[in-house]
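Listing of work.cif; format and content: mmCIF, C-alpha atoms.
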data_protein
#
loop_
_atom_site.group_PDB
_atom_site.id
_atom_site.type_symbol
_atom_site.label_atom_id
_atom_site.label_comp_id
_atom_site.auth_asym_id
_atom_site.auth_seq_id
_atom_site.Cartn_x
_atom_site.Cartn_y
_atom_site.Cartn_z
ATOM 1 C CA MET A 1 1.686 12.576 -9.252
ATOM 2 C CA PHE A 2 2.544 13.568 -5.719
ATOM 3 C CA LEU A 3 5.686 14.447 -3.803
ATOM 4 C CA GLY A 4 6.770 12.228 -0.940
ATOM 5 C CA LYS A 5 9.686 11.221 1.206
ATOM 6 C CA VAL A 6 10.775 7.610 1.649
ATOM 7 C CA ILE A 7 10.850 6.872 5.381
ATOM 8 C CA GLY A 8 11.455 3.140 5.436
ATOM 9 C CA ASN A 9 10.531 -0.187 3.943
ATOM 10 C CA VAL A 10 8.123 -3.012 4.591
ATOM 11 C CA TRP A 11 9.276 -6.603 4.930
ATOM 12 C CA ALA A 12 6.750 -8.945 3.428
ATOM 13 C CA THR A 13 7.866 -12.400 2.330
ATOM 14 C CA GLN A 14 4.330 -13.487 1.558
ATOM 15 C CA LYS A 15 3.029 -11.231 -1.181
ATOM 16 C CA TYR A 16 1.218 -11.445 -4.480
ATOM 17 C CA GLU A 17 3.374 -13.628 -6.749
ATOM 18 C CA ALA A 18 3.972 -10.988 -9.446
ATOM 19 C CA LEU A 19 5.459 -8.658 -6.800
ATOM 20 C CA LYS A 20 8.123 -11.067 -5.512
ATOM 21 C CA SER A 21 11.122 -9.037 -6.700
ATOM 22 C CA PHE A 22 9.893 -5.550 -5.818
ATOM 23 C CA LYS A 23 10.573 -3.440 -2.753
ATOM 24 C CA LEU A 24 7.685 -1.980 -0.780
ATOM 25 C CA MET A 25 8.504 1.422 0.671
ATOM 26 C CA PHE A 26 6.826 3.632 3.246
ATOM 27 C CA VAL A 27 6.224 7.054 1.739
ATOM 28 C CA GLN A 28 5.260 10.137 3.710
ATOM 29 C CA PRO A 29 3.432 12.586 1.421
ATOM 30 C CA ILE A 30 4.946 16.072 1.581
ATOM 31 C CA ASN A 31 4.124 19.495 0.186
ATOM 32 C CA SER A 32 6.435 21.669 -1.894
ATOM 33 C CA ASN A 33 7.993 23.084 1.297
ATOM 34 C CA GLN A 34 8.948 19.498 2.260
ATOM 35 C CA GLU A 35 6.495 19.489 5.176
ATOM 36 C CA ASN A 36 4.714 16.236 6.013
ATOM 37 C CA ILE A 37 1.049 16.101 5.038
ATOM 38 C CA GLY A 38 -1.323 13.290 5.955
ATOM 39 C CA GLU A 39 -0.661 9.654 6.726
ATOM 40 C CA PRO A 40 2.211 7.585 5.296
ATOM 41 C CA ILE A 41 1.305 5.183 2.480
ATOM 42 C CA ILE A 42 3.017 2.113 1.083
ATOM 43 C CA ALA A 43 4.264 2.264 -2.497
ATOM 44 C CA VAL A 44 6.126 -0.147 -4.754
ATOM 45 C CA ASP A 45 9.612 1.064 -5.675
ATOM 46 C CA THR A 46 10.325 0.869 -9.420
ATOM 47 C CA ILE A 47 13.514 2.955 -9.581
ATOM 48 C CA GLY A 48 15.674 2.130 -6.528
ATOM 49 C CA ALA A 49 14.798 4.901 -4.094
ATOM 50 C CA GLY A 50 16.168 4.709 -0.576
ATOM 51 C CA PRO A 51 15.098 5.964 2.864
ATOM 52 C CA GLY A 52 15.468 9.730 3.284
ATOM 53 C CA GLU A 53 15.080 10.524 -0.418
ATOM 54 C CA THR A 54 12.450 12.850 -1.803
ATOM 55 C CA ILE A 55 10.529 11.140 -4.579
ATOM 56 C CA PHE A 56 7.385 11.461 -6.621
ATOM 57 C CA TYR A 57 4.820 8.725 -6.861
ATOM 58 C CA ILE A 58 1.679 7.857 -8.793
ATOM 59 C CA THR A 59 -1.507 6.350 -7.454
ATOM 60 C CA ALA A 60 -4.554 4.405 -8.660
ATOM 61 C CA SER A 61 -4.506 1.803 -11.431
ATOM 62 C CA GLU A 62 -1.803 3.721 -13.355
ATOM 63 C CA ALA A 63 0.620 2.569 -10.669
ATOM 64 C CA VAL A 64 0.859 -0.810 -12.415
ATOM 65 C CA ILE A 65 2.149 0.698 -15.693
ATOM 66 C CA PRO A 66 5.827 1.138 -14.647
ATOM 67 C CA LEU A 67 6.032 -2.443 -13.402
ATOM 68 C CA PRO A 68 7.297 -5.009 -15.945
ATOM 69 C CA VAL A 69 4.381 -7.354 -15.258
ATOM 70 C CA ASP A 70 0.964 -7.738 -16.854
ATOM 71 C CA MET A 71 -1.083 -7.597 -13.697
ATOM 72 C CA ALA A 72 -0.265 -6.658 -10.118
ATOM 73 C CA PRO A 73 -2.472 -5.359 -7.288
ATOM 74 C CA VAL A 74 -0.597 -2.083 -6.817
ATOM 75 C CA ASP A 75 -2.261 1.277 -6.143
ATOM 76 C CA ALA A 76 0.855 3.398 -5.541
ATOM 77 C CA SER A 77 4.327 3.289 -7.043
ATOM 78 C CA ILE A 78 7.447 5.449 -6.895
ATOM 79 C CA VAL A 79 8.401 6.682 -10.356
ATOM 80 C CA GLY A 80 11.118 9.292 -9.800
ATOM 81 C CA ILE A 81 13.699 10.675 -7.372
ATOM 82 C CA VAL A 82 13.565 14.453 -6.897
ATOM 83 C CA ASP A 83 16.858 16.319 -7.128
ATOM 84 C CA THR A 84 15.631 19.832 -6.473
ATOM 85 C CA ILE A 85 12.359 21.701 -6.222
ATOM 86 C CA ASN A 86 12.302 25.226 -7.596
ATOM 87 C CA GLN A 87 9.453 27.344 -6.329
ATOM 88 C CA SER A 88 8.911 30.624 -8.094
ATOM 89 C CA ALA A 89 6.907 33.290 -6.340
ATOM 90 C CA ILE A 90 3.637 33.854 -8.177
ATOM 91 C CA MET B 1 -1.594 0.602 -0.198
ATOM 92 C CA PHE B 2 -2.426 0.860 3.477
ATOM 93 C CA LEU B 3 -1.598 -1.189 6.549
ATOM 94 C CA GLY B 4 -4.348 -3.204 8.149
ATOM 95 C CA LYS B 5 -5.026 -5.999 10.589
ATOM 96 C CA VAL B 6 -7.272 -8.907 9.654
ATOM 97 C CA ILE B 7 -9.950 -9.064 12.324
ATOM 98 C CA GLY B 8 -12.393 -11.540 10.871
ATOM 99 C CA SER B 9 -14.003 -13.042 7.838
ATOM 100 C CA VAL B 10 -17.269 -12.468 6.028
ATOM 101 C CA TRP B 11 -19.565 -15.381 5.320
ATOM 102 C CA SER B 12 -21.931 -14.702 2.444
ATOM 103 C CA THR B 13 -24.012 -17.188 0.514
ATOM 104 C CA LYS B 14 -25.988 -14.780 -1.661
ATOM 105 C CA LYS B 15 -23.550 -12.581 -3.550
ATOM 106 C CA ASP B 16 -22.553 -11.568 -7.051
ATOM 107 C CA GLU B 17 -21.862 -14.780 -8.946
ATOM 108 C CA ASN B 18 -18.387 -13.517 -9.889
ATOM 109 C CA LEU B 19 -17.478 -13.509 -6.207
ATOM 110 C CA VAL B 20 -18.239 -17.176 -5.630
ATOM 111 C CA GLY B 21 -15.091 -18.804 -4.279
ATOM 112 C CA SER B 22 -13.465 -15.563 -3.095
ATOM 113 C CA LYS B 23 -12.270 -15.403 0.503
ATOM 114 C CA LEU B 24 -13.587 -12.177 2.040
ATOM 115 C CA LEU B 25 -11.845 -10.796 5.122
ATOM 116 C CA ILE B 26 -12.568 -7.799 7.332
ATOM 117 C CA VAL B 27 -9.508 -5.588 7.624
ATOM 118 C CA ARG B 28 -9.156 -2.786 10.144
ATOM 119 C CA GLN B 29 -6.765 -0.019 9.217
ATOM 120 C CA VAL B 30 -3.820 0.394 11.637
ATOM 121 C CA ASP B 31 -1.108 3.022 12.061
ATOM 122 C CA LEU B 32 2.676 2.507 12.017
ATOM 123 C CA GLU B 33 2.592 1.183 15.590
ATOM 124 C CA TYR B 34 -0.234 -1.254 14.782
ATOM 125 C CA ASN B 35 -2.733 0.776 16.802
ATOM 126 C CA ASP B 36 -6.275 0.451 15.476
ATOM 127 C CA LYS B 37 -7.725 3.255 13.402
ATOM 128 C CA GLU B 38 -11.404 3.803 12.663
ATOM 129 C CA ASN B 39 -11.672 2.516 9.077
ATOM 130 C CA PHE B 40 -12.683 -0.978 8.042
ATOM 131 C CA VAL B 41 -12.774 -2.606 4.641
ATOM 132 C CA VAL B 42 -13.953 -5.937 3.356
ATOM 133 C CA ALA B 43 -11.154 -7.229 1.124
ATOM 134 C CA VAL B 44 -10.606 -10.257 -1.086
ATOM 135 C CA ASP B 45 -7.587 -12.302 0.023
ATOM 136 C CA SER B 46 -4.989 -13.089 -2.674
ATOM 137 C CA VAL B 47 -2.123 -14.274 -0.450
ATOM 138 C CA GLY B 48 -3.632 -16.592 2.175
ATOM 139 C CA ALA B 49 -3.865 -14.209 5.122
ATOM 140 C CA GLY B 50 -5.411 -15.223 8.432
ATOM 141 C CA VAL B 51 -7.084 -13.510 11.366
ATOM 142 C CA GLY B 52 -4.670 -11.411 13.451
ATOM 143 C CA GLU B 53 -2.117 -10.856 10.692
ATOM 144 C CA ILE B 54 -0.884 -7.438 9.589
ATOM 145 C CA VAL B 55 -1.446 -7.077 5.854
ATOM 146 C CA LEU B 56 -1.250 -4.591 3.012
ATOM 147 C CA VAL B 57 -4.462 -3.728 1.200
ATOM 148 C CA ALA B 58 -4.606 -2.260 -2.307
ATOM 149 C CA THR B 59 -7.811 -0.406 -3.123
ATOM 150 C CA GLY B 60 -9.612 0.947 -6.137
ATOM 151 C CA SER B 61 -9.382 -0.430 -9.665
ATOM 152 C CA SER B 62 -5.854 -1.711 -8.932
ATOM 153 C CA SER B 63 -7.433 -4.407 -6.811
ATOM 154 C CA ARG B 64 -8.795 -6.074 -9.939
ATOM 155 C CA GLN B 65 -5.253 -6.704 -11.182
ATOM 156 C CA THR B 66 -4.876 -10.202 -9.749
ATOM 157 C CA LYS B 67 -5.712 -13.574 -11.232
ATOM 158 C CA ILE B 68 -8.492 -14.162 -8.723
ATOM 159 C CA THR B 69 -10.085 -10.708 -8.941
ATOM 160 C CA LYS B 70 -9.715 -9.950 -12.663
ATOM 161 C CA ASP B 71 -12.917 -8.413 -14.083
ATOM 162 C CA LYS B 72 -14.763 -8.997 -10.816
ATOM 163 C CA PRO B 73 -16.664 -6.495 -8.676
ATOM 164 C CA VAL B 74 -13.859 -5.956 -6.151
ATOM 165 C CA ASP B 75 -12.390 -2.708 -4.793
ATOM 166 C CA ALA B 76 -10.042 -3.951 -2.067
ATOM 167 C CA VAL B 77 -7.560 -6.818 -2.124
ATOM 168 C CA ILE B 78 -5.018 -8.106 0.401
ATOM 169 C CA MET B 79 -1.735 -8.294 -1.556
ATOM 170 C CA ALA B 80 0.971 -8.869 1.087
ATOM 171 C CA ILE B 81 1.447 -10.138 4.635
ATOM 172 C CA VAL B 82 3.730 -7.830 6.634
ATOM 173 C CA ASP B 83 6.645 -9.391 8.524
ATOM 174 C CA LYS B 84 8.291 -6.226 9.783
ATOM 175 C CA LEU B 85 8.227 -2.471 9.354
ATOM 176 C CA ASP B 86 11.586 -0.789 9.023
ATOM 177 C CA ILE B 87 11.290 2.979 9.554
ATOM 178 C CA SER B 88 14.862 4.074 9.076
ATOM 179 C CA VAL B 89 14.640 7.869 8.777
ATOM 180 C CA LYS B 90 15.853 9.348 12.046
ATOM 181 C CA GLY B 91 13.339 11.378 14.010
ATOM 182 C CA PHE B 92 10.341 10.345 11.916
ATOM 183 C CA MET B 93 8.685 8.125 14.521
ATOM 184 C CA GLU B 94 9.049 10.833 17.184
ATOM 185 C CA GLU B 95 7.416 13.330 14.845
ATOM 186 C CA TYR B 96 4.726 10.782 13.904
ATOM 187 C CA LYS B 97 3.846 9.995 17.528
ATOM 188 C CA SER B 98 3.514 13.673 18.356
ATOM 189 C CA ARG B 99 0.810 14.275 15.714
#

Here is the file; what I need is its structure written in the form of structure tokens.
Amino acid sequence: MFLGKVIGNVWATQKYEALKSFKLMFVQPINSNQENIGEPIIAVDTIGAGPGETIFYITASEAVIPLPVDMAPVDASIVGIVDTINQSAI
Amino acid sequence: MFLGKVIGSVWSTKKDENLVGSKLLIVRQVDLEYNDKENFVVAVDSVGAGVGEIVLVATGSSSRQTKITKDKPVDAVIMAIVDKLDISVKGFMEEYKSR
């Protein structure tokens, strides 16, 4: 699982039929200091996250598991909204 | 998933028999402003995309999770056609352009 920040959403009326009712969100991966790292990706929202929120997401074929469908071509999905990040000095 | 632009199709007569009947498109990865990036993929179309359209491509084993690609040798599938991008976090695009 990775940390990310929702930066917006994607409008797509024509999408794979099993995904009709799901939102597609732009997610900017971040590190634990909330700094942007790498390119934004698109992830399916399974929990109702909104733009500006810090979230965590899963990738690869596991991304289909939280969706209430048998099969869907999804390789990233948002599975939680982050309230706080506690970093302890090592 | 990543954003891409369909730039052409692939015609192939000799291919894995599981791929017979699949529509193969060449997709070039683009950034948030639809500027071309360097990467290309050949992807199976599951939504009826055409040349010039901005699409979303799912890669890896997830791409086998459609009716037309189930249990087939596929690692990239077009799963949505993009109408509009809505980047609503203030200041993000300015930061993105300055990278």

For chain A, report every residue with an atom at most 12 Å from chain B (counting only C-alpha atoms), formatted as a PyMOL selection string.
chain A and resi 5-20+22-28+35-44+50-54+58-65+69-77

Taking all atoms listed in the file into account, which of B:Asp71, B:Val27, B:Val20, B:Val6 comes nearest B:Asn39?
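The answer is B:Val27, which sits nearest to B:Asn39.
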
Would you compute the distance between atom CA of A:Asn33 and atom CA of A:Thr46? Give it in Å to one decimal.
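Rounded to one decimal, the two atoms are 24.8 Å apart.
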
Might you pull out every residue within 7 Å of A:Gly80, with only C-alpha atoms counted and same-chain residues fewer than 2 positions away left off, and present them as a list in words?
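After dropping sequence-adjacent residues, the list is Ile47, Ile55, Phe56, Tyr57, Ile78 and Val82 of chain A.
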
Since I can't run it myself right now, could you work out what the PyMOL selection byres ((chain B and resi 24) around 10) selects here and report it as a ChimeraX atom specification?
/B:8-12,19,21-23,25-27,41-46,76-78

Could you dump the residues just selected with C-alpha atoms as a short mmCIF file (atom, residue, chain, number, x, y, z; two decimals), in the frame of the given file?
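The new file selection_33.cif reads:
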data_model
loop_
_atom_site.label_atom_id
_atom_site.label_comp_id
_atom_site.auth_asym_id
_atom_site.auth_seq_id
_atom_site.Cartn_x
_atom_site.Cartn_y
_atom_site.Cartn_z
CA GLY B 8 -12.39 -11.54 10.87
CA SER B 9 -14.00 -13.04 7.84
CA VAL B 10 -17.27 -12.47 6.03
CA TRP B 11 -19.57 -15.38 5.32
CA SER B 12 -21.93 -14.70 2.44
CA LEU B 19 -17.48 -13.51 -6.21
CA GLY B 21 -15.09 -18.80 -4.28
CA SER B 22 -13.46 -15.56 -3.10
CA LYS B 23 -12.27 -15.40 0.50
CA LEU B 25 -11.84 -10.80 5.12
CA ILE B 26 -12.57 -7.80 7.33
CA VAL B 27 -9.51 -5.59 7.62
CA VAL B 41 -12.77 -2.61 4.64
CA VAL B 42 -13.95 -5.94 3.36
CA ALA B 43 -11.15 -7.23 1.12
CA VAL B 44 -10.61 -10.26 -1.09
CA ASP B 45 -7.59 -12.30 0.02
CA SER B 46 -4.99 -13.09 -2.67
CA ALA B 76 -10.04 -3.95 -2.07
CA VAL B 77 -7.56 -6.82 -2.12
CA ILE B 78 -5.02 -8.11 0.40
#

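Atom CA of A:Gly48 is positioned 19.4 Å from atom CA of A:Ile30.
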
Please indicate the distance in Å from atom CA of A:Pro66 to atom CA of B:Gly4, rounded to one decimal place.
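Atom-to-atom, atom CA of A:Pro66 to atom CA of B:Gly4, that is 25.3 Å.
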